$ cat my_file36.txt   # compact mmCIF, C-alpha atoms and all ligand atoms
# COMPACT_ATOMS: atom_id res chain seq x y z
CA MET A 1 -8.83 -32.79 17.91
CA LYS A 2 -8.61 -34.50 14.51
CA LYS A 3 -9.18 -32.31 11.50
CA ASP A 4 -11.91 -34.58 10.05
CA GLU A 5 -13.97 -34.18 13.19
CA ARG A 6 -14.08 -30.47 12.54
CA LEU A 7 -14.99 -30.96 8.90
CA ARG A 8 -18.04 -33.19 9.40
CA GLY A 9 -21.32 -32.85 11.23
CA TYR A 10 -24.05 -30.23 11.21
CA TYR A 11 -25.31 -27.67 13.66
CA ASP A 12 -28.91 -28.40 12.61
CA GLU A 13 -28.81 -31.40 10.29
CA GLN A 14 -32.49 -31.49 9.48
CA LEU A 15 -32.71 -27.85 8.47
CA GLU A 16 -29.37 -27.69 6.72
CA THR A 17 -29.99 -30.76 4.56
CA LEU A 18 -33.68 -30.17 3.85
CA PRO A 19 -34.30 -30.54 0.08
CA TRP A 20 -34.33 -27.06 -1.42
CA GLU A 21 -38.01 -27.04 -2.41
CA GLN A 22 -38.98 -27.87 1.19
CA LYS A 23 -36.50 -25.40 2.53
CA LYS A 24 -37.96 -22.73 0.30
CA ASN A 25 -41.41 -23.46 1.77
CA PHE A 26 -39.96 -23.23 5.26
CA LEU A 27 -38.34 -19.87 4.48
CA GLU A 28 -41.49 -18.54 2.82
CA ASN A 29 -43.57 -19.40 5.88
CA LEU A 30 -41.16 -17.48 8.08
CA LEU A 31 -41.07 -14.68 5.51
CA GLN A 32 -44.83 -14.17 5.72
CA ARG A 33 -44.50 -13.77 9.47
CA ALA A 34 -41.51 -11.41 9.18
CA VAL A 35 -43.33 -9.27 6.65
CA MET A 36 -46.36 -8.97 8.93
CA THR A 37 -44.14 -7.97 11.88
CA ALA A 38 -42.27 -5.41 9.79
CA TYR A 39 -45.50 -3.91 8.47
CA GLU A 40 -47.20 -3.73 11.84
CA GLN A 41 -44.26 -2.78 14.09
CA ALA A 42 -41.75 -0.76 12.05
CA PRO A 43 -43.14 2.50 10.60
CA ALA A 44 -40.35 2.89 8.03
CA MET A 45 -40.97 -0.63 6.76
CA ARG A 46 -44.69 0.08 6.48
CA ALA A 47 -43.90 3.25 4.50
CA LYS A 48 -41.83 1.12 2.14
CA PHE A 49 -44.77 -1.21 1.51
CA GLU A 50 -47.05 1.73 0.91
CA ALA A 51 -44.60 3.38 -1.50
CA ALA A 52 -44.45 0.13 -3.46
CA GLY A 53 -48.23 -0.19 -3.44
CA VAL A 54 -48.21 -3.62 -1.80
CA GLY A 55 -49.68 -4.98 1.41
CA PRO A 56 -48.06 -7.52 3.75
CA THR A 57 -50.18 -10.37 2.39
CA ASP A 58 -48.86 -9.71 -1.12
CA ILE A 59 -45.40 -10.93 -0.10
CA ARG A 60 -45.72 -14.71 0.13
CA SER A 61 -42.81 -16.10 -1.86
CA LEU A 62 -39.12 -15.37 -2.34
CA GLN A 63 -39.99 -13.97 -5.77
CA ASP A 64 -42.64 -11.65 -4.35
CA LEU A 65 -39.89 -9.87 -2.43
CA GLN A 66 -38.91 -8.19 -5.68
CA SER A 67 -41.94 -5.92 -5.49
CA LEU A 68 -40.36 -4.19 -2.47
CA GLY A 69 -37.40 -1.83 -2.81
CA ILE A 70 -34.01 -2.31 -1.17
CA ILE A 71 -32.97 -0.50 2.02
CA PRO A 72 -29.38 0.41 1.05
CA LYS A 73 -26.75 0.39 3.78
CA ALA A 74 -25.52 3.70 2.33
CA LYS A 75 -28.86 5.29 3.30
CA MET A 76 -28.96 4.03 6.89
CA ARG A 77 -27.28 7.04 8.45
CA GLN A 78 -29.72 9.34 6.66
CA LEU A 79 -32.73 7.26 7.72
CA GLN A 80 -31.54 7.12 11.32
CA GLN A 81 -30.94 10.85 11.50
CA ALA A 82 -34.37 11.59 10.07
CA SER A 83 -36.03 9.32 12.62
CA PRO A 84 -33.64 8.62 15.51
CA PRO A 85 -32.24 6.37 16.66
CA PHE A 86 -33.17 3.46 14.35
CA GLY A 87 -34.81 5.13 11.37
CA GLY A 88 -38.24 3.69 12.14
CA LEU A 89 -36.96 0.18 11.43
CA LEU A 90 -37.03 -1.15 14.99
CA GLY A 91 -39.79 -3.65 15.70
CA VAL A 92 -39.82 -3.28 19.51
CA ASP A 93 -39.67 -0.46 22.04
CA LEU A 94 -36.25 0.98 22.74
CA ASP A 95 -36.26 -0.43 26.30
CA LYS A 96 -36.40 -3.98 24.91
CA LEU A 97 -32.80 -3.94 23.66
CA ARG A 98 -29.85 -5.69 25.25
CA ARG A 99 -27.29 -3.46 23.55
CA ILE A 100 -27.00 -0.57 21.14
CA TYR A 101 -23.86 -0.38 19.02
CA SER A 102 -22.39 2.34 16.84
CA SER A 103 -20.70 1.05 13.68
CA PRO A 104 -18.49 2.83 11.14
CA GLY A 105 -20.51 5.40 9.23
CA ALA A 106 -22.10 6.36 12.54
CA ILE A 107 -24.84 3.76 12.13
CA PHE A 108 -26.61 2.46 15.24
CA ASP A 109 -27.20 -1.28 15.43
CA PRO A 110 -29.65 -2.85 17.87
CA GLU A 111 -29.29 -6.20 19.64
CA GLY A 112 -32.24 -7.95 21.24
CA PHE A 113 -32.30 -10.25 24.26
CA GLN A 114 -33.01 -13.45 22.35
CA ALA A 115 -30.43 -16.24 22.50
CA ASP A 116 -28.21 -16.50 19.42
CA TYR A 117 -29.47 -13.10 18.28
CA TRP A 118 -26.91 -12.87 15.45
CA ARG A 119 -27.31 -16.53 14.36
CA LEU A 120 -23.59 -17.15 14.59
CA GLN A 121 -23.79 -20.42 16.54
CA ALA A 122 -24.52 -22.41 13.37
CA VAL A 123 -21.82 -20.45 11.53
CA PHE A 124 -19.14 -21.31 14.08
CA PHE A 125 -20.09 -24.96 14.41
CA ASN A 126 -20.28 -25.46 10.66
CA THR A 127 -16.95 -23.73 9.99
CA GLY A 128 -15.32 -26.22 12.37
CA PHE A 129 -15.25 -24.99 15.99
CA ARG A 130 -16.27 -27.58 18.56
CA PRO A 131 -17.27 -27.45 22.23
CA GLY A 132 -14.11 -27.29 24.33
CA ASP A 133 -12.16 -25.12 21.90
CA ARG A 134 -10.37 -22.18 23.53
CA ILE A 135 -10.64 -19.29 21.12
CA LEU A 136 -8.91 -15.96 20.76
CA ASN A 137 -11.55 -13.50 19.55
CA THR A 138 -9.79 -10.52 17.98
CA PHE A 139 -12.79 -8.62 16.68
CA SER A 140 -13.47 -5.30 18.38
CA TYR A 141 -15.45 -5.32 21.62
CA HIS A 142 -15.69 -1.56 21.50
CA LEU A 143 -18.79 0.18 20.09
CA THR A 144 -19.19 -2.11 17.06
CA PRO A 145 -20.89 -5.50 17.50
CA GLY A 146 -18.14 -7.70 15.94
CA GLY A 147 -16.50 -8.85 19.17
CA LEU A 148 -19.60 -9.49 21.23
CA MET A 149 -21.38 -10.98 18.24
CA CYS A 150 -18.68 -13.63 17.84
CA ASP A 151 -18.39 -14.06 21.60
CA GLN A 152 -22.07 -14.97 21.84
CA GLY A 153 -21.89 -17.38 18.90
CA LEU A 154 -18.82 -19.16 20.28
CA SER A 155 -19.89 -19.46 23.90
CA GLY A 156 -23.32 -20.52 22.64
CA ILE A 157 -21.82 -23.72 21.20
CA GLY A 158 -19.69 -24.46 24.25
CA CYS A 159 -16.38 -22.85 23.34
CA THR A 160 -14.27 -20.84 25.78
CA VAL A 161 -13.61 -17.31 24.56
CA VAL A 162 -10.58 -15.16 25.28
CA PRO A 163 -11.78 -11.61 24.50
CA GLY A 164 -8.58 -10.38 22.89
CA GLY A 165 -10.07 -7.52 20.93
CA VAL A 166 -8.10 -5.47 18.42
CA GLY A 167 -4.34 -4.81 18.43
CA ASN A 168 -1.81 -5.60 21.22
CA THR A 169 -0.06 -8.19 19.09
CA GLU A 170 2.50 -9.09 21.75
CA THR A 171 -0.18 -9.75 24.38
CA GLN A 172 -2.22 -11.81 21.92
CA VAL A 173 0.83 -13.96 21.10
CA GLN A 174 1.38 -14.53 24.81
CA LEU A 175 -2.29 -15.45 25.36
CA MET A 176 -2.25 -17.86 22.47
CA ASP A 177 0.91 -19.47 23.80
CA GLU A 178 0.30 -19.63 27.55
CA LEU A 179 -3.38 -20.57 27.37
CA LYS A 180 -2.71 -23.14 24.62
CA LEU A 181 -5.48 -21.65 22.52
CA THR A 182 -6.93 -23.92 19.83
CA GLY A 183 -8.88 -21.39 17.81
CA TYR A 184 -8.72 -17.89 16.34
CA VAL A 185 -11.47 -15.57 15.15
CA GLY A 186 -10.60 -12.33 13.36
CA VAL A 187 -9.23 -10.91 10.13
CA PRO A 188 -6.61 -13.03 8.33
CA SER A 189 -3.97 -10.28 8.32
CA PHE A 190 -3.98 -10.07 12.12
CA LEU A 191 -3.42 -13.81 12.44
CA GLN A 192 -0.52 -13.33 10.06
CA ALA A 193 0.84 -10.60 12.33
CA ILE A 194 0.49 -12.83 15.41
CA ILE A 195 2.37 -15.67 13.72
CA GLU A 196 5.13 -13.33 12.55
CA ARG A 197 5.53 -11.89 16.04
CA ALA A 198 5.70 -15.37 17.53
CA GLU A 199 8.44 -16.24 15.06
CA GLN A 200 10.33 -13.03 15.85
CA ASN A 201 10.15 -14.12 19.49
CA GLY A 202 12.04 -17.25 18.48
CA LYS A 203 9.10 -19.65 18.43
CA ASP A 204 8.31 -22.30 15.86
CA PHE A 205 4.59 -21.62 15.41
CA ARG A 206 3.66 -25.06 14.19
CA ARG A 207 5.57 -26.87 16.91
CA ASP A 208 5.19 -24.55 19.90
CA PHE A 209 1.60 -23.37 19.52
CA ASN A 210 -1.65 -25.33 19.66
CA LEU A 211 -3.67 -23.38 17.13
CA GLU A 212 -5.79 -25.83 15.12
CA ILE A 213 -8.39 -23.65 13.46
CA ALA A 214 -8.92 -20.05 12.38
CA VAL A 215 -12.24 -18.66 11.20
CA THR A 216 -11.89 -15.33 9.44
CA ALA A 217 -14.11 -12.52 8.20
CA GLY A 218 -13.92 -8.83 7.41
CA GLU A 219 -11.10 -9.04 4.91
CA MET A 220 -10.42 -10.82 1.65
CA LEU A 221 -8.98 -14.27 2.35
CA THR A 222 -6.76 -15.07 -0.62
CA ASP A 223 -5.99 -18.65 -1.62
CA ALA A 224 -2.31 -17.93 -1.05
CA THR A 225 -2.91 -16.78 2.55
CA ARG A 226 -5.17 -19.73 3.29
CA ASN A 227 -2.67 -22.18 1.83
CA GLN A 228 0.10 -20.71 3.90
CA PHE A 229 -1.90 -21.03 7.14
CA GLU A 230 -3.07 -24.54 6.29
CA GLU A 231 0.10 -26.01 4.84
CA LYS A 232 2.91 -24.19 6.57
CA TYR A 233 1.34 -23.78 10.00
CA GLY A 234 -1.16 -26.65 10.01
CA VAL A 235 -4.09 -24.36 10.87
CA LEU A 236 -7.45 -25.19 9.29
CA VAL A 237 -8.92 -21.97 7.84
CA ARG A 238 -12.55 -21.23 7.05
CA GLN A 239 -14.35 -17.93 6.50
CA PHE A 240 -17.79 -16.43 7.00
CA LEU A 241 -19.69 -13.32 6.06
CA ALA A 242 -21.59 -11.23 8.61
CA THR A 243 -22.37 -7.55 9.07
CA ALA A 244 -23.08 -5.33 12.05
CA ASP A 245 -26.62 -4.77 10.78
CA VAL A 246 -27.81 -8.32 10.17
CA GLY A 247 -25.29 -10.69 11.77
CA ALA A 248 -24.71 -13.99 9.95
CA ILE A 249 -25.06 -14.05 6.17
CA ALA A 250 -23.01 -17.02 4.91
CA TYR A 251 -20.30 -19.48 5.94
CA GLU A 252 -17.92 -22.04 4.45
CA CYS A 253 -18.46 -25.74 5.14
CA GLY A 254 -15.77 -28.43 5.22
CA GLN A 255 -15.66 -28.45 1.41
CA LYS A 256 -14.21 -24.94 1.14
CA ASN A 257 -16.15 -24.19 -2.04
CA GLY A 258 -18.14 -21.06 -1.33
CA MET A 259 -20.17 -19.83 1.64
CA HIS A 260 -23.56 -21.44 2.28
CA PHE A 261 -26.42 -19.04 2.92
CA ALA A 262 -26.98 -18.90 6.69
CA ASP A 263 -30.32 -20.04 8.08
CA TYR A 264 -33.11 -17.82 9.39
CA ARG A 265 -32.36 -15.26 6.71
CA ILE A 266 -33.31 -14.85 3.09
CA ILE A 267 -30.29 -14.04 0.98
CA GLU A 268 -30.78 -12.58 -2.48
CA VAL A 269 -28.27 -11.46 -5.09
CA VAL A 270 -29.88 -8.62 -7.01
CA ASP A 271 -29.31 -6.07 -9.73
CA PRO A 272 -28.42 -3.01 -7.62
CA GLU A 273 -30.18 -0.71 -10.10
CA THR A 274 -33.52 -2.49 -10.32
CA GLY A 275 -33.61 -4.75 -7.24
CA LYS A 276 -34.48 -7.74 -9.46
CA GLN A 277 -33.12 -11.12 -8.40
CA LEU A 278 -30.22 -12.48 -10.43
CA GLY A 279 -29.55 -16.11 -11.29
CA ALA A 280 -26.63 -18.34 -10.36
CA GLY A 281 -23.25 -17.02 -11.48
CA GLN A 282 -24.35 -13.42 -11.98
CA VAL A 283 -22.65 -10.70 -9.97
CA GLY A 284 -24.97 -8.45 -7.96
CA GLU A 285 -25.61 -6.94 -4.54
CA VAL A 286 -26.12 -9.22 -1.54
CA VAL A 287 -29.47 -8.39 0.04
CA VAL A 288 -30.63 -9.81 3.37
CA THR A 289 -34.06 -10.26 4.93
CA LEU A 290 -34.07 -11.24 8.60
CA LEU A 291 -36.48 -13.97 9.70
CA GLU A 292 -37.58 -14.71 13.26
CA ASN A 293 -36.18 -11.37 14.40
CA PRO A 294 -39.01 -9.23 15.77
CA VAL A 295 -36.46 -6.77 17.18
CA TYR A 296 -35.13 -5.67 13.81
CA PRO A 297 -37.52 -6.86 11.11
CA LEU A 298 -35.40 -5.80 8.13
CA ILE A 299 -36.89 -6.76 4.80
CA ARG A 300 -34.41 -6.49 1.90
CA PHE A 301 -31.44 -4.80 3.52
CA GLY A 302 -28.82 -4.01 0.85
CA THR A 303 -25.39 -4.83 2.29
CA GLY A 304 -23.51 -3.03 -0.51
CA ASP A 305 -21.37 -6.16 -0.99
CA LEU A 306 -21.14 -7.62 -4.48
CA SER A 307 -21.05 -11.36 -4.95
CA PHE A 308 -22.53 -14.20 -6.97
CA TYR A 309 -23.91 -17.57 -5.92
CA GLU A 310 -23.91 -21.15 -7.17
CA ASP A 311 -26.66 -23.63 -6.39
CA ASP A 312 -25.23 -26.91 -7.64
CA PRO A 313 -25.22 -29.62 -4.93
CA CYS A 314 -22.47 -29.32 -2.31
CA PRO A 315 -20.84 -32.61 -1.28
CA CYS A 316 -21.34 -31.64 2.39
CA GLY A 317 -25.08 -32.29 1.99
CA ARG A 318 -26.24 -28.80 2.85
CA THR A 319 -28.83 -27.59 0.40
CA SER A 320 -28.54 -23.83 0.66
CA PRO A 321 -26.81 -22.04 -2.25
CA ARG A 322 -23.28 -20.66 -1.77
CA LEU A 323 -21.89 -17.17 -2.19
CA MET A 324 -18.73 -17.90 -4.13
CA LYS A 325 -16.69 -14.85 -3.26
CA LEU A 326 -16.99 -11.18 -2.49
CA VAL A 327 -16.21 -9.16 -5.58
CA GLY A 328 -16.25 -5.64 -4.15
CA ARG A 329 -18.60 -2.83 -3.18
CA VAL A 330 -21.68 -1.78 -5.06
CA ASP A 331 -20.68 1.88 -5.48
CA GLN A 332 -17.77 0.88 -7.75
CA VAL A 333 -19.53 -1.32 -10.30
CA THR A 334 -19.90 -0.81 -14.02
CA LYS A 335 -22.60 -2.60 -15.97
CA VAL A 336 -21.49 -4.13 -19.25
CA ARG A 337 -23.93 -6.07 -21.43
CA GLY A 338 -26.15 -6.60 -18.41
CA MET A 339 -23.31 -7.93 -16.21
CA PHE A 340 -21.72 -5.99 -13.40
CA ILE A 341 -17.95 -5.76 -13.35
CA HIS A 342 -15.83 -4.43 -10.52
CA PRO A 343 -12.26 -3.06 -10.42
CA SER A 344 -11.15 -5.93 -8.19
CA GLN A 345 -12.11 -8.39 -10.92
CA VAL A 346 -9.70 -6.74 -13.34
CA GLU A 347 -6.96 -7.21 -10.76
CA GLU A 348 -8.06 -10.79 -10.25
CA VAL A 349 -7.75 -11.49 -13.99
CA ILE A 350 -4.08 -10.49 -14.09
CA ALA A 351 -3.11 -11.81 -10.65
CA VAL A 352 -2.21 -15.21 -12.14
CA PHE A 353 0.01 -13.75 -14.89
CA SER A 354 3.36 -12.58 -13.59
CA GLU A 355 4.12 -11.22 -17.10
CA ILE A 356 1.32 -8.65 -16.95
CA GLN A 357 2.26 -5.49 -15.11
CA ALA A 358 -0.99 -3.57 -15.36
CA ALA A 359 -4.37 -3.79 -16.98
CA GLN A 360 -7.48 -1.80 -17.65
CA ALA A 361 -10.94 -2.70 -18.89
CA VAL A 362 -12.35 -0.12 -21.31
CA VAL A 363 -16.09 -0.02 -21.96
CA GLU A 364 -17.36 1.68 -25.11
CA ARG A 365 -20.60 1.81 -27.04
CA GLU A 366 -20.43 0.60 -30.66
CA HIS A 367 -23.43 0.08 -32.96
CA GLY A 368 -25.73 0.24 -29.96
CA ARG A 369 -23.82 -2.51 -28.13
CA ASP A 370 -21.39 -2.44 -25.23
CA LYS A 371 -17.85 -3.19 -26.31
CA LEU A 372 -15.31 -4.35 -23.76
CA THR A 373 -11.59 -4.07 -24.45
CA PHE A 374 -9.02 -5.42 -22.04
CA LEU A 375 -5.75 -3.47 -22.17
CA ALA A 376 -2.75 -5.34 -20.81
CA VAL A 377 0.74 -3.96 -20.20
CA LEU A 378 3.42 -6.63 -20.53
CA GLY A 379 6.83 -6.77 -18.91
CA GLN A 380 9.92 -6.99 -21.09
CA ASP A 381 10.62 -10.29 -22.85
CA SER A 382 7.02 -11.46 -22.54
CA SER A 383 5.35 -12.99 -25.54
CA GLN A 384 2.02 -11.56 -26.59
CA LYS A 385 1.30 -14.62 -28.71
CA GLU A 386 1.58 -17.07 -25.83
CA LEU A 387 -0.47 -14.96 -23.44
CA LEU A 388 -3.38 -14.06 -25.67
CA SER A 389 -5.45 -17.18 -25.42
CA PRO A 390 -4.94 -17.90 -21.67
CA LEU A 391 -5.72 -14.27 -20.93
CA GLN A 392 -8.95 -14.36 -22.95
CA GLU A 393 -9.93 -17.56 -21.17
CA ARG A 394 -9.23 -15.99 -17.78
CA ILE A 395 -11.28 -12.91 -18.64
CA ARG A 396 -14.25 -15.12 -19.53
CA THR A 397 -13.89 -17.02 -16.25
CA VAL A 398 -13.56 -14.00 -13.97
CA LEU A 399 -15.63 -11.30 -15.67
CA LYS A 400 -18.05 -13.75 -17.32
CA LEU A 401 -17.82 -11.59 -20.43
CA ARG A 402 -15.93 -11.76 -23.69
CA ALA A 403 -13.44 -8.99 -24.33
CA ASP A 404 -11.00 -8.00 -27.03
CA VAL A 405 -7.47 -8.08 -25.68
CA THR A 406 -4.99 -5.37 -26.72
CA PHE A 407 -1.40 -5.29 -25.53
CA VAL A 408 -0.27 -1.71 -24.87
CA GLN A 409 2.49 0.36 -23.29
CA ALA A 410 1.91 1.69 -19.78
CA SER A 411 1.71 5.20 -21.26
CA ASP A 412 -1.31 4.13 -23.36
CA LEU A 413 -3.56 3.53 -20.34
CA ARG A 414 -6.12 6.31 -20.24
CA GLU A 415 -6.37 7.00 -16.55
CA PRO A 416 -3.60 4.81 -15.16
CA ASP A 417 -5.07 4.57 -11.65
CA LYS A 418 -8.41 3.28 -12.88
CA ARG A 419 -9.02 -0.40 -13.46
CA ILE A 420 -12.22 0.27 -15.41
CA VAL A 421 -12.70 3.18 -17.80
CA ASP A 422 -16.23 3.81 -19.03
CA LEU A 423 -16.25 5.81 -22.28
CA ARG A 424 -19.94 5.32 -23.06
CA GLU A 425 -22.00 8.41 -23.54
CA TRP A 426 -25.65 8.40 -22.66
CA ASP A 427 -28.16 10.86 -24.06
ZN ZN B 1 -21.14 -27.39 1.70

$ encode --input "my_file36.txt" --output "structure tokens" --more "lines below"
Ligand SMILES: [Zn+2]
Amino acid sequence: MKKDERLRGYYDEQLETLPWEQKKNFLENLLQRAVMTAYEQAPAMRAKFEAAGVGPTDIRSLQDLQSLGIIPKAKMRQLQQASPPFGGLLGVDLDKLRRIYSSPGAIFDPEGFQADYWRLQAVFFNTGFRPGDRILNTFSYHLTPGGLMCDQGLSGIGCTVVPGGVGNTETQVQLMDELKLTGYVGVPSFLQAIIERAEQNGKDFRRDFNLEIAVTAGEMLTDATRNQFEEKYGVLVRQFLATADVGAIAYECGQKNGMHFADYRIIEVVDPETGKQLGAGQVGEVVVTLLENPVYPLIRFGTGDLSFYEDDPCPCGRTSPRLMKLVGRVDQVTKVRGMFIHPSQVEEVIAVFSEIQAAQAVVEREHGRDKLTFLAVLGQDSSQKELLSPLQERIRTVLKLRADVTFVQASDLREPDKRIVDLREWD
């Protein structure tokens, strides 16, 4: 199949291209219904409303959601143990479930009988799979929902699935080769391992294999890895975001410029301390509300993932905002001048400078203001003068904050293993 055919078209053109104001109305209508279901059917959700002092009819708009607290993923185990098995969050009787999974952290995840339960059909069509593709699905089919979740989404749009599961690299290479598989779903590093094994077996991956497209999740997809797959091996690569709790969250379109919010969910990016919604470009926690899911009526589930979104128009014509990238996990953030920064962002700043060997962001309090200093350790023969301005520019781009840059020796770093050192003292 030609690459352009994979890059154009919509799973649900009308919904995906609906002008944002209309789409917002559509989502808010579904939200009112979801809120009513949660309040009436899930005792733990009702308790949340009561604790916040709001009734189900008070939540009518996306903004109104802010009056309800977040259900943090980190608390799920605790909730489920206190009220087994689903923490009072299930909207149906236990005998109305198709499957019950157990995910890392010993969290149970329910799956209902409805078609496209995880809403991955749109994700897989829009990332470029087409009916007739034969796809190696290397997510786990064991206990966690990943494998079956993808299986359902792929077969739902007319693809043939080979349930490869995790590991067994040699077998997976053989399957990909002998069955002339056209697609791959899994983490990017495992595709890398498959390609390397094929090459060790004396194959020329680009010439001897038929792999046209890989859709990845679960691991950071770096630009370098994507470029290698696309340019060296001729494999189109797109990524999506989903979790075992809520299924689809966001996916890349043909434009490869961020992941559009998936449909039939409300995606918020919020301040993890206050639960308030953040604007475009601001880093915060990704929070998901499920719509049209009476089985698991989760309102404001905190995924623990940090990201930021942009809402400028996407050339693909889809109107939903895009999560630009995952920045890290919420338990590692530091708030500086109202912005959250994460250790991975410090690494991202220096990744483009081969001259910089190590770096550390130091946060202090000076005259009642947060002060950010970026310590950089240079290799020998590197010029501080030439690096200063590009480094400052890069810090502004990645951290979205201004920082003083100081060049230091490796021995000057305060706790060398830490990317962020917070020296502020609070009374
Ligand atoms: Zn797009």

$ residues_around --input "my_file36.txt" --residues "Glu347 (chain A)" --least-positions-apart "4" --cutoff "8 Å" --atoms "all atoms listed in the file" --output "compact mmCIF listing (two decimals) with C-alpha atoms, in the coordinates of the input"
# COMPACT_ATOMS: atom_id res chain seq x y z
CA PRO A 343 -12.26 -3.06 -10.42
CA ALA A 351 -3.11 -11.81 -10.65
CA ALA A 359 -4.37 -3.79 -16.98
CA ARG A 419 -9.02 -0.40 -13.46

$ residues_around --input "my_file36.txt" --residues "Glu16 (chain A)" --least-positions-apart "5" --cutoff "8 Å" --atoms "all atoms listed in the file" --output "VMD selection string"
chain A and resid 10 263 317 to 320

$ residues_near_ligand --input "my_file36.txt" --ligand "ligand ZN 1 (chain B)" --cutoff "12 Å" --atoms "only C-alpha atoms and all ligand atoms" --output "PyMOL selection string"
chain A and resi 7-10+16-17+126-127+238+250-262+310-324

$ closest_residue --input "my_file36.txt" --among "A:Gln121, A:Gln14, A:Gln78, A:Gln345" --to "Val398 (chain A)" --atoms "all atoms listed in the file"
A:Gln345

$ atom_distance --input "my_file36.txt" --atom1 "CA of Asn137 (chain A)" --atom2 "CA of Gly183 (chain A)"
8.5 Å

$ residues_around --input "my_file36.txt" --residues "Leu175 (chain A)" --least-positions-apart "2" --cutoff "12 Å" --atoms "all atoms listed in the file" --output "ChimeraX atom specification"
/A:134-138,161-165,168-173,177-184,194,198,209-211

$ closest_residue --input "my_file36.txt" --among "A:Gly302, A:Gly53, A:Gly338, A:Pro294" --to "Lys371 (chain A)" --atoms "all atoms listed in the file"
A:Gly338

$ decode --input "my_file36.txt" --residues "region 163-207 of chain A" --atoms "C-alpha atoms" --output "PDB file, in the first residue's frame"
ATOM      1  CA  PRO A 163      -0.874 -12.314  18.659  1.00  0.00           C
ATOM      2  CA  GLY A 164       2.880 -12.312  19.166  1.00  0.00           C
ATOM      3  CA  GLY A 165       2.914 -11.117  22.743  1.00  0.00           C
ATOM      4  CA  VAL A 166       6.094 -10.230  24.606  1.00  0.00           C
ATOM      5  CA  GLY A 167       9.592 -11.643  24.000  1.00  0.00           C
ATOM      6  CA  ASN A 168      10.589 -14.616  21.772  1.00  0.00           C
ATOM      7  CA  THR A 169      12.460 -12.364  19.379  1.00  0.00           C
ATOM      8  CA  GLU A 170      13.515 -15.197  17.067  1.00  0.00           C
ATOM      9  CA  THR A 171       9.931 -16.458  16.667  1.00  0.00           C
ATOM     10  CA  GLN A 172       8.663 -12.936  16.054  1.00  0.00           C
ATOM     11  CA  VAL A 173      11.271 -12.404  13.314  1.00  0.00           C
ATOM     12  CA  GLN A 174      10.170 -15.653  11.696  1.00  0.00           C
ATOM     13  CA  LEU A 175       6.484 -14.676  11.897  1.00  0.00           C
ATOM     14  CA  MET A 176       7.166 -11.297  10.393  1.00  0.00           C
ATOM     15  CA  ASP A 177       9.139 -12.884   7.586  1.00  0.00           C
ATOM     16  CA  GLU A 178       7.069 -15.951   6.696  1.00  0.00           C
ATOM     17  CA  LEU A 179       3.650 -14.323   7.063  1.00  0.00           C
ATOM     18  CA  LYS A 180       4.806 -11.203   5.186  1.00  0.00           C
ATOM     19  CA  LEU A 181       3.477  -9.007   7.964  1.00  0.00           C
ATOM     20  CA  THR A 182       2.772  -5.385   7.015  1.00  0.00           C
ATOM     21  CA  GLY A 183       2.355  -3.879  10.463  1.00  0.00           C
ATOM     22  CA  TYR A 184       3.801  -3.857  13.970  1.00  0.00           C
ATOM     23  CA  VAL A 185       2.290  -2.765  17.275  1.00  0.00           C
ATOM     24  CA  GLY A 186       4.444  -2.578  20.399  1.00  0.00           C
ATOM     25  CA  VAL A 187       7.242  -0.650  22.060  1.00  0.00           C
ATOM     26  CA  PRO A 188       9.858   0.877  19.729  1.00  0.00           C
ATOM     27  CA  SER A 189      12.799  -0.903  21.399  1.00  0.00           C
ATOM     28  CA  PHE A 190      11.324  -4.327  20.648  1.00  0.00           C
ATOM     29  CA  LEU A 191      10.929  -3.478  16.969  1.00  0.00           C
ATOM     30  CA  GLN A 192      14.565  -2.446  17.066  1.00  0.00           C
ATOM     31  CA  ALA A 193      15.447  -5.827  18.566  1.00  0.00           C
ATOM     32  CA  ILE A 194      13.455  -7.664  15.873  1.00  0.00           C
ATOM     33  CA  ILE A 195      15.211  -5.759  13.091  1.00  0.00           C
ATOM     34  CA  GLU A 196      18.633  -6.399  14.636  1.00  0.00           C
ATOM     35  CA  ARG A 197      17.903 -10.111  14.960  1.00  0.00           C
ATOM     36  CA  ALA A 198      16.746 -10.262  11.349  1.00  0.00           C
ATOM     37  CA  GLU A 199      19.999  -8.626  10.288  1.00  0.00           C
ATOM     38  CA  GLN A 200      22.041 -11.039  12.422  1.00  0.00           C
ATOM     39  CA  ASN A 201      20.213 -13.820  10.578  1.00  0.00           C
ATOM     40  CA  GLY A 202      21.656 -12.416   7.360  1.00  0.00           C
ATOM     41  CA  LYS A 203      18.550 -10.617   6.126  1.00  0.00           C
ATOM     42  CA  ASP A 204      18.310  -7.179   4.597  1.00  0.00           C
ATOM     43  CA  PHE A 205      15.306  -5.866   6.524  1.00  0.00           C
ATOM     44  CA  ARG A 206      14.246  -3.291   3.980  1.00  0.00           C
ATOM     45  CA  ARG A 207      14.505  -5.660   1.038  1.00  0.00           C
TER      46      ARG A 207
END
